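**Student:** Before we start, here is the structure in question, set down as structure tokens.
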Number of protein chains: 2
Amino acid sequence: MGVMDDIDSAIVRELQRDARQTNRDLARRLNIAPSTCLERVRALRARGVITGYRATVDLRALNRPVQALLTVRIRPMNREVIERFKAFLTSLPEVLSIYVVAGGDDFLVHVAVPDVDRLHALLMDQVFKRREVVDCRSSVIYQHVANDIIEALPPAGS
Amino acid sequence: MGVMDDIDSAIVRELQRDARQTNRDLARRLNIAPSTCLERVRALRARGVITGYRATVDLRALNRPVQALLTVRIRPMNREVIERFKAFLTSLPEVLSIYVVAGGDDFLVHVAVPDVDRLHALLMDQVFKRREVVDCRSSVIYQHVANDIIEALPPAGS
DNA sequence: GCCTCTCGCCGAACATAATTCGGTGACTGC
DNA sequence: GCAGTCACCGAATTATGTTCGGCGAGAGGC
């Protein structure tokens, strides 16, 4: 099951780089037959290694040039409150990503908005209105660099 | 140039949901001709609204089930040091995403590793070895929810 | 050591989709 | 009302996805 040979790794790497390249091109790159390539891609999808294919967008083009990270603490800290607050965050269109973290802060929320006014409005009108929120700090993001290609890491020794 | 009508928005939404659906299916969904659809998709790509197409992967399948957020402060705070440290982070395979942020913390780094030992090793052997790092705290991530579909936000009033 | 079973790979044939391009209608500006 | 522009369309062409029968390497039994 969990076998991932070099060809599988290469497929995963290539499809992270460009998910829309044709199966023929992908096969050519890996020096295997298109039918073989197709079979492997489908197996990776079926095994859950590849979870989907998504277009990436330019946040500026979508009128959301300002990004920020919100650090939120909520109380009381129980499963129900966490799930409810997480569902609330998910429903906000401004939210890109939600991290539930250990340590002093409970939530870390990545948001993208048209301008800082809108960021302020988001905090005042939405987040701080919630009774479970006991603290929330926001940090504007100057730069965001995503590692687009995620490789498998070796188990133990390098 | 920056025109984004309802059809463009729908295309962007659909391709974020599934970047590999055929142009025909996409056209059928939007009730337009495949040739028209193709033209619009290419225009969105050319205009930079759509920046790419990527496969998404399961971190567990790639032997990286443990995620954490690193909060790093560096000194001195000048452009050169920041760029050098950012380049260093980019070179680490464990790193998924780098945020350069305002406020007390300078960097926030999202990492995914095989286990907590490896997280500890990353901090001790790589991050703390750097002279510009004056402080680094790590928080294990219990849950990470990404909003897969990013919509454009309206300019002013809702 | 040989036989056989299994499994992944291959390539040709077929089905489906991408892409091109000339034509058409709507809207704009004059 | 006339001409120019632009997006859209559909059919024809080109390219790709997908299936399937067979082949060969490697494993395991005897």
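Residues in the structure tokens are named by chain (A, B, ... in the order shown) and by number from 1 within that chain; ligands are numbered from 1 in the order shown.
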Can you build me a table of stretch 11-127 of chain B residues sitting at most 12 Å from stretch 2-25 of chain D, with the closest atom pair per residue and its distance in Å to one decimal, using only C-alpha atoms (C1' of nucleotides), sorted by chain and residue number, as a Markdown table?
**Tutor:**
```
| residue | atom | partner | partner_atom | distance |
| --- | --- | --- | --- | --- |
| B:Thr22 | CA | D:DG17 | C1' | 10.8 |
| B:Asn31 | CA | D:DC8 | C1' | 12.0 |
| B:Ile32 | CA | D:DC8 | C1' | 8.6 |
| B:Ala33 | CA | D:DC9 | C1' | 6.6 |
| B:Pro34 | CA | D:DC9 | C1' | 9.1 |
| B:Ser35 | CA | D:DC9 | C1' | 7.7 |
| B:Thr36 | CA | D:DC8 | C1' | 6.2 |
| B:Cys37 | CA | D:DC8 | C1' | 9.7 |
| B:Leu38 | CA | D:DC8 | C1' | 11.5 |
| B:Glu39 | CA | D:DA7 | C1' | 9.9 |
| B:Arg40 | CA | D:DA7 | C1' | 10.1 |
```
**Student:** Residues of chain B within 7 Å of chain A, using only C-alpha atoms, as JSON, numbers by chain?
**Tutor:** {"B": [15, 16, 17, 18, 19, 20, 48, 49, 50, 51, 52, 53, 54, 55, 56, 57, 58, 61, 62, 63, 64, 95, 96, 97, 98, 99, 100, 101, 102, 103, 114, 139, 140, 141, 142, 143, 144, 145, 146, 147, 151, 152, 153, 155]}
**Student:** If you run DSSP on this backbone, which residues of stretch 17-122 of chain B come out as strand (DSSP E), and could you give them as a PyMOL selection string?
**Tutor:** chain B and resi 50-57+66-74+95-101+107-113
**Student:** Using atom CA of A:Phe88 and atom CA of A:Thr71 as the two end points, give the distance in Å to one decimal.
**Tutor:** 15.3 Å
**Student:** Using only C-alpha atoms (C1' of nucleotides), find which residues of chain C lie within 10 Å of chain A and jot them down as a PyMOL selection string.
**Tutor:** chain C and resi 8-11
**Student:** Going by DSSP on the backbone, which residues of chain B come out as alpha helix (DSSP H)? List them as an MDAnalysis selection string.
**Tutor:** chainID B and resid 6:17 23:30 34:46 79:91 116:121
**Student:** Show which residues sit within 8 Å of A:Leu30, as a list in words. Count only C-alpha atoms (C1' of nucleotides), and ignore same-chain residues fewer than 5 positions away.
**Tutor:**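 Once the adjacent positions are removed, what remains is Ile7, Ala10 and Ile11 of chain A.
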**Student:** Store the residues picked out above, limited to N, CA and C atoms, as a PDB file, in the first residue's frame.
**Tutor:**
```pdb
ATOM      1  N   ILE A   7       9.244   6.689  -9.331  1.00  0.00           N
ATOM      2  CA  ILE A   7       8.324   7.185 -10.357  1.00  0.00           C
ATOM      3  C   ILE A   7       7.114   7.845  -9.719  1.00  0.00           C
ATOM      4  N   ALA A  10       8.103  11.169  -8.500  1.00  0.00           N
ATOM      5  CA  ALA A  10       8.257  12.110  -9.609  1.00  0.00           C
ATOM      6  C   ALA A  10       6.905  12.584 -10.121  1.00  0.00           C
ATOM      7  N   ILE A  11       5.938  11.677 -10.174  1.00  0.00           N
ATOM      8  CA  ILE A  11       4.585  12.056 -10.608  1.00  0.00           C
ATOM      9  C   ILE A  11       4.003  13.084  -9.646  1.00  0.00           C
TER      10      ILE A  11
END
```
